[in-house]
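J.: My questions all concern the structure below.
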Number of protein chains: 2
Amino acid sequence: MNKVITISREFGSGGRELGKRLAEILEIAYYDHEIIAAISERSGLAEEYVSGMAERRPVAYPITIGQTLTSAFTLQFEHGVKIYAEQSNIIKELALKSDCVIIGRCSDYILRNYSPLKIFVYADTNSRLRRCRERAPKSERLSDSQIKAQLLEVDKQRAKYHNFFTGEKWGQKENYTLCINTSNTTIKNIATPMAQLLKAMLPLAGGE
Amino acid sequence: MNKVITISREFGSGGRELGKRLAEILEIAYYDHEIIAAISERSGLAEEYVSGMAERRPVAYPITIGQTLTSAFTLQFEHGVKIYAEQSNIIKELALKSDCVIIGRCSDYILRNYSPLKIFVYADTNSRLRRCRERAPKSERLSDSQIKAQLLEVDKQRAKYHNFFTGEKWGQKENYTLCINTSNTTIKNIATPMAQLLKAMLPLAGGE
C-alpha cells in the first residue's frame, strides 16, 4: 500500500507550506489545487466555482420564499454533494497511484481505510495573523481585525464542511496521528526532522 | 533559559517511555518519580501517600455526616493543595537547574512562563490496552475489561486533577506544542527523529 500523508490545517498555520516541503523532502507527490482542477474537468463545473464549494458545507435546507431561490439552493446543495463525491473518487485514485501528500478536503477521512498518516497543523491566532500578513500581496490593505475575521471564518467553514461530510469533529486530536502547533515556529526549520519522524511512523501506520 | 520538555500522557500510551528515551537521546535530565520523593522529603508526608495524591484532584467538599469524617476530608484536601504547592516549587527549581524532560504533574502549566515544549502522548484504547498487558508483571491476572476500566479511571483522575489546578482542559491540543498518537507505533523507533524535531522547535519555543 502506498504511503499517504494527509494535512489538515487551520488557516494561516503554515500547513500548506509544511505539506509542500514534506513532499519535496520525501520525494513524493503533492496534491492540493490539482484536485480542484480534476473535479472541474470531470464535473464540467468551473474551477473557480468548485474551489469555492470544495471546503464549504453545502447549504442543506431549501428555503421556500420563492421558487427561483429554492431552486438555486437545491442546485447548490446538489453541486456540493456531487463535488464531494467526485473529490472522494479522485483522492482515492491519487492514493492508489503513488506515495503522496494531500492537503485538506477530508482526505484524512476519505482515505481512512488506507491507513494514512494524518497530520493536523494549528497555531495561536496571533501567529496565524502574522503569517497571513507576511504572505499577503503588498497591495492588500486589510487591518489585523479584518484578517482575524477572515481566518476565523475560513476555519469555521472548514470545520462545518468536515463535520458535515465525515461526522467527525474537525481538529479533534483523536482523529489524527500528529497534531503540531506552529506558533513561534519556522516551517522551514521543522520540515526535515518532521519528515524523518513521519518516515519512522509510516511503515507501521501504513500497515506494512 | 533552559530547554524544558514536558510530557503529558494518557495511561498506556507509552508517554513515559518516550520521555525517558528523549532525555537519553538529548542527554538532558529526566524527572518523574524523583519529584514525588522530593515532595515527600519536604512535606514530611510518606512517599506512597504523596504518590497517590499527586495526580488526583483533592476532594473539595468537606461533608458533614460526622466530625471525624469531615476532618479526614478536610485534611486530605489540605494535603492535596499542599502537595501541589510543593510540587510547583520543585518543578520550577528543576527547570531552572538544567535542560530537562518532566513527566506529568501539571508541569506544562506550572512552567507556562518558561516556554516549555509541551507534548501530549495519546493512543486508541486497544493500543493502550496492549501496552499495559505487555508491561504488566507475569503474576498479574487482570482481564482486558479490568485493564480497560483501570486505564480509563487513571485518565479520568489525571484530567480532573489537571482541570482543577490549571483551569485548562487536559489533552486539549491548543495547550500543547505537539500531540502524538502512538497507536500502532513503536516508541523506540520514533524517539530519535522526534528528538531531532524537538531540537528544531526548541530554540524558538524557548524564547532564544
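Residue names in the C-alpha cells use chain letters A, B, ... in the order shown, residue numbers from 1 in each chain, and ligand numbers from 1 in the order shown.
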Return as a list in words the residues belonging to chain A that are within 6 Å of chain B, counting only C-alpha atoms.

T.: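 Therefore, the residues near the partner are Thr177, Leu178, Cys179, Ile180, Asn181, Ile190, Pro193, Met194, Gln196, Leu197 and Ala200 of chain A.
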
J.: Write the residues of the selection above to a file with all heavy atoms, as an mmCIF file, in the first residue's frame.

T.:
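Final output, saved to part26.cif:
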```cif
data_model
loop_
_atom_site.group_PDB
_atom_site.id
_atom_site.type_symbol
_atom_site.label_atom_id
_atom_site.label_comp_id
_atom_site.auth_asym_id
_atom_site.auth_seq_id
_atom_site.Cartn_x
_atom_site.Cartn_y
_atom_site.Cartn_z
ATOM 1 N N THR A 177 -2.861 11.524 13.572
ATOM 2 C CA THR A 177 -1.673 10.830 14.049
ATOM 3 C C THR A 177 -0.749 11.802 14.774
ATOM 4 O O THR A 177 -0.090 11.445 15.758
ATOM 5 C CB THR A 177 -0.886 10.231 12.851
ATOM 6 O OG1 THR A 177 -1.816 9.761 11.872
ATOM 7 C CG2 THR A 177 0.007 9.112 13.288
ATOM 8 N N LEU A 178 -0.715 13.021 14.262
ATOM 9 C CA LEU A 178 0.201 14.021 14.808
ATOM 10 C C LEU A 178 -0.453 15.389 14.687
ATOM 11 O O LEU A 178 -0.922 15.756 13.601
ATOM 12 C CB LEU A 178 1.488 13.987 13.966
ATOM 13 C CG LEU A 178 2.761 14.534 14.560
ATOM 14 C CD1 LEU A 178 3.233 13.666 15.723
ATOM 15 C CD2 LEU A 178 3.858 14.578 13.502
ATOM 16 N N CYS A 179 -0.486 16.123 15.797
ATOM 17 C CA CYS A 179 -1.005 17.494 15.747
ATOM 18 C C CYS A 179 0.143 18.416 16.123
ATOM 19 O O CYS A 179 0.745 18.250 17.192
ATOM 20 C CB CYS A 179 -2.150 17.690 16.737
ATOM 21 S SG CYS A 179 -3.533 16.569 16.471
ATOM 22 N N ILE A 180 0.449 19.355 15.278
ATOM 23 C CA ILE A 180 1.603 20.219 15.551
ATOM 24 C C ILE A 180 1.202 21.685 15.609
ATOM 25 O O ILE A 180 0.496 22.185 14.745
ATOM 26 C CB ILE A 180 2.744 19.953 14.529
ATOM 27 C CG1 ILE A 180 3.986 20.774 14.900
ATOM 28 C CG2 ILE A 180 2.321 20.224 13.081
ATOM 29 C CD1 ILE A 180 5.257 20.266 14.291
ATOM 30 N N ASN A 181 1.636 22.316 16.689
ATOM 31 C CA ASN A 181 1.353 23.722 16.936
ATOM 32 C C ASN A 181 2.523 24.536 16.389
ATOM 33 O O ASN A 181 3.635 24.452 16.902
ATOM 34 C CB ASN A 181 1.217 23.918 18.451
ATOM 35 C CG ASN A 181 0.779 25.302 18.838
ATOM 36 O OD1 ASN A 181 1.001 26.259 18.098
ATOM 37 N ND2 ASN A 181 0.161 25.421 19.995
ATOM 38 N N ILE A 190 11.475 23.000 10.624
ATOM 39 C CA ILE A 190 10.947 21.746 11.188
ATOM 40 C C ILE A 190 10.654 20.693 10.118
ATOM 41 O O ILE A 190 10.446 19.529 10.439
ATOM 42 C CB ILE A 190 9.676 21.970 12.039
ATOM 43 C CG1 ILE A 190 8.533 22.578 11.204
ATOM 44 C CG2 ILE A 190 9.973 22.835 13.256
ATOM 45 C CD1 ILE A 190 7.178 22.464 11.870
ATOM 46 N N PRO A 193 13.329 17.408 10.010
ATOM 47 C CA PRO A 193 13.161 16.431 11.101
ATOM 48 C C PRO A 193 11.753 15.830 11.150
ATOM 49 O O PRO A 193 11.580 14.668 11.513
ATOM 50 C CB PRO A 193 13.471 17.227 12.374
ATOM 51 C CG PRO A 193 13.433 18.660 11.987
ATOM 52 C CD PRO A 193 13.762 18.722 10.538
ATOM 53 N N MET A 194 10.768 16.616 10.752
ATOM 54 C CA MET A 194 9.412 16.068 10.757
ATOM 55 C C MET A 194 9.275 14.965 9.702
ATOM 56 O O MET A 194 8.622 13.943 9.950
ATOM 57 C CB MET A 194 8.394 17.176 10.506
ATOM 58 C CG MET A 194 7.010 16.697 10.816
ATOM 59 S SD MET A 194 5.915 18.025 11.230
ATOM 60 C CE MET A 194 4.359 17.157 11.107
ATOM 61 N N GLN A 196 11.569 12.988 8.812
ATOM 62 C CA GLN A 196 12.227 11.807 9.391
ATOM 63 C C GLN A 196 11.300 11.103 10.375
ATOM 64 O O GLN A 196 11.208 9.878 10.406
ATOM 65 C CB GLN A 196 13.533 12.199 10.116
ATOM 66 C CG GLN A 196 14.601 12.777 9.193
ATOM 67 C CD GLN A 196 14.938 11.866 8.012
ATOM 68 O OE1 GLN A 196 15.068 10.655 8.177
ATOM 69 N NE2 GLN A 196 15.038 12.425 6.814
ATOM 70 N N LEU A 197 10.615 11.903 11.185
ATOM 71 C CA LEU A 197 9.678 11.329 12.156
ATOM 72 C C LEU A 197 8.561 10.581 11.426
ATOM 73 O O LEU A 197 8.188 9.461 11.807
ATOM 74 C CB LEU A 197 9.094 12.440 13.047
ATOM 75 C CG LEU A 197 8.014 12.010 14.051
ATOM 76 C CD1 LEU A 197 8.552 10.973 15.040
ATOM 77 C CD2 LEU A 197 7.469 13.205 14.827
ATOM 78 N N ALA A 200 9.593 7.279 10.216
ATOM 79 C CA ALA A 200 9.654 6.282 11.304
ATOM 80 C C ALA A 200 8.263 5.807 11.690
ATOM 81 O O ALA A 200 8.099 4.698 12.204
ATOM 82 C CB ALA A 200 10.351 6.890 12.514
#
```

J.: Quick one: residues within 12 Å of A:Arg112, only C-alpha atoms counted, chain neighbours fewer than 4 positions away excluded, as number ranges by chain?

T.: A: 4-6, 88, 91-92, 95, 106-108, 116-118, 166, 168, 175-177, 205-206

J.: Nearest to B:Thr125 among B:Glu140, B:Glu48, B:Asp155, B:Glu78, with distances taken over only C-alpha atoms: which residue is it?

T.: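 Of the candidates, the smallest distance to B:Thr125 is held by B:Asp155.
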
J.: Apply DSSP to the structure's backbone, then extract all residues of chain B labelled strand (DSSP E) and return them as a ChimeraX atom specification.

T.: /B:4-9,29-31,100-103,117-122,178-181

J.: Which neighbours of A:Ala38 fall inside 12 Å, counting only C-alpha atoms, when residues of the same chain fewer than 2 positions from it are skipped, and could you give them as a list in words?

T.: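 Final neighbour list, sorted by chain and number: Tyr31, Asp32, His33, Glu34, Ile35, Ile36, Ser40, Glu41, Arg42, Ser43, Gly44, Leu45, Ala46, Glu47, Val50, Ser51, Ile83, Glu86, Gln87, Ser88, Asn89, Ile90, Ile91, Glu93 and Leu94 of chain A.
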
J.: Selection from above, N, CA and C atoms, as an mmCIF file, in the first residue's frame, can you write it?

T.:
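Below is the file that was written, selection.cif:
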```
data_model
loop_
_atom_site.group_PDB
_atom_site.id
_atom_site.type_symbol
_atom_site.label_atom_id
_atom_site.label_comp_id
_atom_site.auth_asym_id
_atom_site.auth_seq_id
_atom_site.Cartn_x
_atom_site.Cartn_y
_atom_site.Cartn_z
ATOM 1 N N TYR A 31 -0.484 16.942 -3.660
ATOM 2 C CA TYR A 31 -1.747 17.320 -4.289
ATOM 3 C C TYR A 31 -2.494 18.353 -3.462
ATOM 4 N N ASP A 32 -2.865 19.410 -4.139
ATOM 5 C CA ASP A 32 -3.623 20.465 -3.457
ATOM 6 C C ASP A 32 -4.630 21.006 -4.476
ATOM 7 N N HIS A 33 -4.264 22.069 -5.191
ATOM 8 C CA HIS A 33 -5.178 22.638 -6.179
ATOM 9 C C HIS A 33 -5.442 21.675 -7.343
ATOM 10 N N GLU A 34 -4.506 20.745 -7.529
ATOM 11 C CA GLU A 34 -4.667 19.772 -8.624
ATOM 12 C C GLU A 34 -6.005 19.033 -8.494
ATOM 13 N N ILE A 35 -6.435 18.837 -7.268
ATOM 14 C CA ILE A 35 -7.694 18.112 -7.030
ATOM 15 C C ILE A 35 -8.873 18.921 -7.573
ATOM 16 N N ILE A 36 -8.823 20.225 -7.330
ATOM 17 C CA ILE A 36 -9.878 21.127 -7.824
ATOM 18 C C ILE A 36 -9.963 21.063 -9.348
ATOM 19 N N SER A 40 -13.138 19.822 -11.534
ATOM 20 C CA SER A 40 -13.716 20.720 -12.529
ATOM 21 C C SER A 40 -13.812 20.017 -13.884
ATOM 22 N N GLU A 41 -12.745 19.347 -14.251
ATOM 23 C CA GLU A 41 -12.703 18.665 -15.544
ATOM 24 C C GLU A 41 -13.776 17.575 -15.627
ATOM 25 N N ARG A 42 -13.873 16.796 -14.554
ATOM 26 C CA ARG A 42 -14.809 15.668 -14.596
ATOM 27 C C ARG A 42 -16.271 16.090 -14.466
ATOM 28 N N SER A 43 -16.489 17.134 -13.648
ATOM 29 C CA SER A 43 -17.887 17.503 -13.374
ATOM 30 C C SER A 43 -18.426 18.509 -14.383
ATOM 31 N N GLY A 44 -17.513 19.171 -15.081
ATOM 32 C CA GLY A 44 -17.943 20.199 -16.023
ATOM 33 C C GLY A 44 -18.253 21.513 -15.325
ATOM 34 N N LEU A 45 -18.018 21.594 -14.015
ATOM 35 C CA LEU A 45 -18.256 22.854 -13.285
ATOM 36 C C LEU A 45 -16.974 23.693 -13.347
ATOM 37 N N ALA A 46 -17.142 25.014 -13.374
ATOM 38 C CA ALA A 46 -15.973 25.898 -13.482
ATOM 39 C C ALA A 46 -15.049 25.730 -12.274
ATOM 40 N N GLU A 47 -13.741 25.827 -12.518
ATOM 41 C CA GLU A 47 -12.738 25.611 -11.473
ATOM 42 C C GLU A 47 -12.942 26.561 -10.284
ATOM 43 N N VAL A 50 -15.904 25.364 -8.240
ATOM 44 C CA VAL A 50 -15.547 24.161 -7.481
ATOM 45 C C VAL A 50 -14.698 24.559 -6.281
ATOM 46 N N SER A 51 -13.732 25.450 -6.524
ATOM 47 C CA SER A 51 -12.830 25.891 -5.466
ATOM 48 C C SER A 51 -13.612 26.524 -4.310
ATOM 49 N N ILE A 83 -19.700 17.423 -5.919
ATOM 50 C CA ILE A 83 -18.268 17.767 -5.841
ATOM 51 C C ILE A 83 -17.571 16.885 -4.813
ATOM 52 N N GLU A 86 -17.106 13.400 -6.281
ATOM 53 C CA GLU A 86 -16.035 13.408 -7.292
ATOM 54 C C GLU A 86 -14.674 13.505 -6.614
ATOM 55 N N GLN A 87 -14.617 14.381 -5.632
ATOM 56 C CA GLN A 87 -13.400 14.587 -4.845
ATOM 57 C C GLN A 87 -12.958 13.280 -4.178
ATOM 58 N N SER A 88 -13.909 12.529 -3.622
ATOM 59 C CA SER A 88 -13.605 11.249 -2.971
ATOM 60 C C SER A 88 -12.960 10.293 -3.962
ATOM 61 N N ASN A 89 -13.563 10.206 -5.156
ATOM 62 C CA ASN A 89 -13.016 9.303 -6.180
ATOM 63 C C ASN A 89 -11.594 9.703 -6.555
ATOM 64 N N ILE A 90 -11.414 10.997 -6.783
ATOM 65 C CA ILE A 90 -10.091 11.480 -7.228
ATOM 66 C C ILE A 90 -9.039 11.231 -6.144
ATOM 67 N N ILE A 91 -9.388 11.548 -4.896
ATOM 68 C CA ILE A 91 -8.424 11.371 -3.802
ATOM 69 C C ILE A 91 -8.037 9.894 -3.648
ATOM 70 N N GLU A 93 -8.083 7.646 -6.042
ATOM 71 C CA GLU A 93 -7.246 7.305 -7.206
ATOM 72 C C GLU A 93 -5.810 7.778 -6.989
ATOM 73 N N LEU A 94 -5.660 8.990 -6.454
ATOM 74 C CA LEU A 94 -4.315 9.539 -6.214
ATOM 75 C C LEU A 94 -3.559 8.688 -5.193
#
```

J.: Env of A:Lys20: 9 Å cut, atoms = only C-alpha atoms, seq-sep filter 2 positions within chain, self excluded. Answer as an NGL selection string.

T.: :A and (15-18 or 22-25 or 30-31 or 101 or 103)

J.: Quick one: DSSP alpha helix (DSSP H) residues in chain B, as a ChimeraX atom specification?

T.: /B:15-26,33-43,47-53,67-97,107-110,125-135,144-166,187-205
